[in-house]
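Undergrad: Take this structure, written in structure tokens, and hold onto it; I'll ask about it next.
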Amino acid sequence: MPPAPLRIAFLTHEPFYPPSGGGSAEAVYLVQEMIRRGHQVHVFSPQIEDPQGVKKQFGIQLHLFNKWTMGRYATLRNFKYLTYPFFLGRMVAAAAREIRFDLVFSQHAISAVAAGRLKKRLGVPVVMNFPDLLTGFMETWPSYVAPKPLVQALMRYEISLPQRYAVDGVCAISDEFADRLAARGYPRERICPIYYGYDAKAFPLRAAPPPSAQSPVVVMHGSFDAHHLGAIAFGAVRRVAAKKPETTFRFVGKRTAGLEAFLQRARTIPGFKFEATGFVPYAEVAGQLASANVGIVPYEASAGTHCAFVAKIVEYVASGLPTVCTPLKSVRSFFNSDPLVKFSEFNGEDFGDKILEWLDAPVSAWQPQAAASAARVRAELDWGPLCRKAVEFAEKVVADSRE
């Protein structure tokens with residue numbers, strides 16, 4: 001018997017639609033699953049374009065923050081993130097005077113701060129969803145921007161949020177993150193690791209690898225944050241350019257300051273060739289992957305990257321693309337025996353050597369396994385089953401709270 005419809009306050013610090021990457025993509029699919037299951041969803045989000053169209057498209061109610069521009073590429077982003085939970089909490093509390101919510105569901109740590117404070121104020125169950133350990137990525141930032149003691153304090157605070165506010169349940173991006181929450185004292189049985197998914201319709205298995213006569217293409221897509229393009233990526237580019245200068249590195253995504261700085265430095269490498277597409281809509285990224293030879297995830301080591309279940313690797317494998325990734329704990333636990341994935345050490349030279357191994361390997365050595373690898377991620381990591389698992393968990397949290 002399906003559960004009774006719930007009135008859900010869904011909290012996010014990123015504009016709800018269109019998604020800009022990262023956890024913002026997950027939010028859309030979670031809300032769609034909630035609506036599909038008959039729930040009434042009130043999305044509390046920064047200002048978005050065409051709110052009336054979005055309300056109609058998704059069948060939701062929108063409560064929009066418009067005091068200033070929010071988003072992944074907004075100016076003074078980090079300062080705005082620090083102050084946003086205060087205003088978000090006030091928005092939800094004001095709406096709750098007219099609407100009796102059955103559940104507060106937060107997306108990301110920033111919204112979790114507001115959700116935790118609302119638990120006692122509203123007296124309703126709270127589920128925090130963590131698509132990443134947000135402050136953990138700051139370990140890769142320069143120390144003059146993010147001093148190590150400050151980063152450690154912020155990480156301790158983020159991991160403490162579920163225990164600090166005694167929330168009713170947590171959705172975690174990985175088993176690694178779930179273990180860290182449990183080590184902090186939050187009950188492991190209240191944590192549901194859901195991993196991080198992809199849209200199987202947008203990333204079908206490609207019909208065939210690129211022809212052997214084509215010069216090699218190594219691809220990376222995403223938001224190109226600080227932990228994406230560091231010493232490992234630079235060392236790998238230098239290694240591959242020295243051994244196979246005919247190789248082109250393709251960067252698919254917005255040309256951020258981080259990407260531009262990386263390209264400026266990489267241009268000093270003899271033989272370095274690149275393409276930078278600029279922003280590509282999510283539904284069109286697969287076309288950029290289909291003509292590539294290798295997909296790469298050259299993430300630097302940090303608590304954030306070890307906890308992350310990186311969407312890139314999922315989308316590469318789904319497309320049938322040989323992949324190289326640094327040995328991140330969360331993704332290695334899932335892909336360690338996958339024939340399409342090679343894990344390097346945390347250094348650019350070894351990462352580059354793994355790319356070269358794929359480029360030198362005959363297609364017959366890996367192509368027969370590509371369909372099985374793609375089928376596995378489609379069955380286990382498509383947004384459909386992942387979001388169903390998360391929403392079923394949230395429904396159970398509400399049901400248990402009423403017993």
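Labels used: A, B, ... for chains in the order of the structure tokens, numbers from 1 for residues in each chain, and numbers from 1 for ligands as shown.
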Within stretch 167-389 of chain A, find each residue whose DSSP state, derived from the backbone, is alpha helix (DSSP H), and express the selection as an MDAnalysis selection string.
TA: chainID A and resid 175:183 231:243 257:266 285:290 303:307 311:319 329:335 348:360 367:381 383:389
Undergrad: So which residues touch A:Ala370 within 8 Å, counting only C-alpha atoms, skipping near sequence neighbours fewer than 6 positions away, as a PyMOL selection string?
TA: chain A and resi 317+320-321+339-340
Undergrad: Pick from A:Ala178, A:Met220, A:Val314, A:Ala283: nearest to A:Pro19, with only C-alpha atoms counted?
TA: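 Smallest separation from A:Pro19 among the options: A:Ala283.
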Undergrad: Would you mind listing what lies within 6 Å of A:Leu11 as a PDB file with C-alpha atoms, in the first residue's frame, with only C-alpha atoms counted and same-chain residues fewer than 4 positions away left out?
TA:
ATOM      1  CA  PHE A  44      12.702  26.543  -1.352  1.00  0.00           C
ATOM      2  CA  SER A 106      17.476  19.372   2.774  1.00  0.00           C
ATOM      3  CA  GLN A 107      19.851  19.125  -0.170  1.00  0.00           C
ATOM      4  CA  SER A 111      20.575  23.836   3.440  1.00  0.00           C
TER       5      SER A 111
END
Undergrad: One decimal, Å: what's the distance from atom CA of A:Gln264 over to atom CA of A:Phe224, could you say?
TA: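 Computing it gives 14.3 Å between the two atoms.
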Undergrad: Need the shell around A:Gln52: protein/DNA/RNA residues with any atom at most 10 Å away, counting only C-alpha atoms. Skip same-chain ones fewer than 5 positions apart. Format as a VMD selection string?
TA: chain A and resid 57 60 to 62
Undergrad: Would you mind exporting the chosen residues as an mmCIF file, in the first residue's frame, restricted to all heavy atoms?
TA:
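Saved file again22.cif follows:
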data_model
loop_
_atom_site.group_PDB
_atom_site.id
_atom_site.type_symbol
_atom_site.label_atom_id
_atom_site.label_comp_id
_atom_site.auth_asym_id
_atom_site.auth_seq_id
_atom_site.Cartn_x
_atom_site.Cartn_y
_atom_site.Cartn_z
ATOM 1 N N GLN A 57 5.969 22.689 -15.164
ATOM 2 C CA GLN A 57 6.696 21.532 -15.678
ATOM 3 C C GLN A 57 6.810 20.423 -14.634
ATOM 4 O O GLN A 57 6.654 19.237 -14.958
ATOM 5 C CB GLN A 57 8.096 21.955 -16.122
ATOM 6 C CG GLN A 57 8.970 20.805 -16.625
ATOM 7 C CD GLN A 57 10.345 21.281 -17.071
ATOM 8 O OE1 GLN A 57 10.590 22.477 -17.231
ATOM 9 N NE2 GLN A 57 11.262 20.341 -17.280
ATOM 10 N N ILE A 60 5.140 21.567 -8.909
ATOM 11 C CA ILE A 60 5.605 21.907 -7.565
ATOM 12 C C ILE A 60 5.170 23.313 -7.191
ATOM 13 O O ILE A 60 4.716 24.088 -8.032
ATOM 14 C CB ILE A 60 7.144 21.826 -7.469
ATOM 15 C CG1 ILE A 60 7.794 22.786 -8.488
ATOM 16 C CG2 ILE A 60 7.619 20.392 -7.694
ATOM 17 C CD1 ILE A 60 9.305 22.851 -8.421
ATOM 18 N N GLN A 61 5.334 23.629 -5.915
ATOM 19 C CA GLN A 61 5.200 24.999 -5.442
ATOM 20 C C GLN A 61 6.608 25.550 -5.212
ATOM 21 O O GLN A 61 7.480 24.843 -4.707
ATOM 22 C CB GLN A 61 4.393 25.039 -4.144
ATOM 23 C CG GLN A 61 2.958 24.554 -4.293
ATOM 24 C CD GLN A 61 2.173 25.379 -5.297
ATOM 25 O OE1 GLN A 61 2.194 26.614 -5.256
ATOM 26 N NE2 GLN A 61 1.482 24.701 -6.208
ATOM 27 N N LEU A 62 6.824 26.797 -5.592
ATOM 28 C CA LEU A 62 8.135 27.413 -5.458
ATOM 29 C C LEU A 62 8.097 28.546 -4.443
ATOM 30 O O LEU A 62 7.162 29.358 -4.422
ATOM 31 C CB LEU A 62 8.597 27.981 -6.802
ATOM 32 C CG LEU A 62 9.123 26.986 -7.846
ATOM 33 C CD1 LEU A 62 9.345 27.705 -9.173
ATOM 34 C CD2 LEU A 62 10.418 26.338 -7.377
#
Undergrad: Given only C-alpha atoms, how would the per-residue table for stretch 226-334 of chain A near stretch 115-139 of chain A read, listing every residue at most 12 Å away with its closest atom pair and distance in Å to one decimal, sorted by chain and number, as a tab-separated table?
TA:
residue	atom	partner	partner_atom	distance
A:Ala226	CA	A:Phe137	CA	8.3
A:His227	CA	A:Phe137	CA	6.9
A:His228	CA	A:Phe137	CA	10.1
A:Tyr299	CA	A:Phe137	CA	10.2
A:Glu300	CA	A:Phe137	CA	9.2
A:Ala301	CA	A:Glu139	CA	8.4
A:Ser302	CA	A:Glu139	CA	5.7
A:Ala303	CA	A:Gly136	CA	4.8
A:Gly304	CA	A:Gly136	CA	3.8
A:Thr305	CA	A:Phe137	CA	6.5
A:His306	CA	A:Gly136	CA	8.9
A:Cys307	CA	A:Leu133	CA	6.5
A:Ala308	CA	A:Asp132	CA	5.5
A:Phe309	CA	A:Asp132	CA	7.9
A:Val310	CA	A:Asp132	CA	9.4
A:Ala311	CA	A:Pro131	CA	10.7
A:Ser330	CA	A:Asp132	CA	11.0
Undergrad: Compile the contact shell of stretch 209-211 of chain A as number ranges by chain: residues with an atom at most 10 Å away, counting only C-alpha atoms, same-chain residues fewer than 3 positions apart removed.
TA: A: 206, 214-217, 290-293, 319-322, 363, 367
Undergrad: Let me see the file: selected residues, N, CA, C and O atoms, as a compact mmCIF listing (two decimals), in the first residue's frame.
TA:
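The result, written out as part31.txt:
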# COMPACT_ATOMS: atom_id res chain seq x y z
N ARG A 206 27.52 4.05 -26.37
CA ARG A 206 27.80 4.47 -27.74
C ARG A 206 27.83 3.25 -28.67
O ARG A 206 28.16 2.13 -28.25
N GLN A 214 41.57 7.90 -36.24
CA GLN A 214 41.40 9.21 -35.60
C GLN A 214 42.50 9.45 -34.58
O GLN A 214 42.90 8.53 -33.85
N SER A 215 43.01 10.66 -34.49
CA SER A 215 43.97 10.99 -33.45
C SER A 215 43.30 10.86 -32.08
O SER A 215 42.11 11.17 -31.93
N PRO A 216 44.03 10.41 -31.07
CA PRO A 216 43.41 10.13 -29.76
C PRO A 216 42.83 11.39 -29.12
O PRO A 216 43.38 12.49 -29.23
N VAL A 217 41.71 11.19 -28.44
CA VAL A 217 41.06 12.27 -27.68
C VAL A 217 40.86 11.79 -26.25
O VAL A 217 40.28 10.72 -26.01
N ALA A 290 31.26 10.45 -26.85
CA ALA A 290 31.18 9.34 -27.79
C ALA A 290 32.37 9.27 -28.73
O ALA A 290 32.78 8.19 -29.16
N SER A 291 32.94 10.44 -29.07
CA SER A 291 34.05 10.44 -30.02
C SER A 291 35.41 10.46 -29.33
O SER A 291 36.44 10.67 -29.98
N ALA A 292 35.44 10.24 -28.02
CA ALA A 292 36.70 10.24 -27.27
C ALA A 292 37.22 8.82 -27.08
O ALA A 292 36.49 7.83 -27.24
N ASN A 293 38.49 8.73 -26.71
CA ASN A 293 39.12 7.43 -26.47
C ASN A 293 39.23 7.08 -25.00
O ASN A 293 39.16 5.90 -24.62
N SER A 319 28.73 5.25 -21.04
CA SER A 319 28.93 5.51 -22.46
C SER A 319 29.83 4.49 -23.13
O SER A 319 29.99 4.51 -24.36
N GLY A 320 30.45 3.60 -22.34
CA GLY A 320 31.38 2.62 -22.90
C GLY A 320 32.76 3.18 -23.12
O GLY A 320 33.50 2.72 -24.00
N LEU A 321 33.16 4.15 -22.29
CA LEU A 321 34.42 4.86 -22.47
C LEU A 321 35.46 4.37 -21.46
O LEU A 321 35.24 4.44 -20.25
N PRO A 322 36.61 3.86 -21.90
CA PRO A 322 37.68 3.52 -20.96
C PRO A 322 38.04 4.73 -20.10
O PRO A 322 38.08 5.87 -20.60
N VAL A 363 41.36 -2.31 -29.12
CA VAL A 363 39.94 -2.21 -28.78
C VAL A 363 39.38 -3.57 -28.36
O VAL A 363 38.53 -3.66 -27.46
N GLN A 367 36.55 -3.71 -25.44
CA GLN A 367 35.23 -3.47 -26.01
C GLN A 367 34.21 -4.57 -25.70
O GLN A 367 33.05 -4.26 -25.41
Undergrad: Just checking: using only C-alpha atoms, which residue out of A:Ala233, A:Val297, A:Val219, A:Ala9 ends up closest to A:Thr326?
TA: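 Using only C-alpha atoms, the shortest distance to A:Thr326 belongs to A:Val297.
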Undergrad: Which parts of stretch 137-298 of chain A does DSSP call strand (DSSP E) when run on the backbone here, written out as a ChimeraX atom specification?
TA: /A:169-172,191-193,217-221,248-252,273-276,294-297
Undergrad: May I ask for the distance between atom CA of A:Pro368 and atom CA of A:Ser337, given in Å to one decimal place?
TA: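 So the two atoms, atom CA of A:Pro368 and atom CA of A:Ser337, lie 15.3 Å apart.
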Undergrad: Excluding stretch 26-43 of chain A and its own-chain neighbours fewer than 2 positions away, which residues fall within 7 Å of it when counting only C-alpha atoms? Please give them as a ChimeraX atom specification.
TA: /A:5-11,16,23-24,45,58,60-63,383,387-388,391
Undergrad: I'd like the interatomic distance between atom CA of A:Val294 and atom CA of A:Ala261, to a tenth of an Å.
TA: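 One can read the atom CA of A:Val294 to atom CA of A:Ala261 distance as 22.9 Å.
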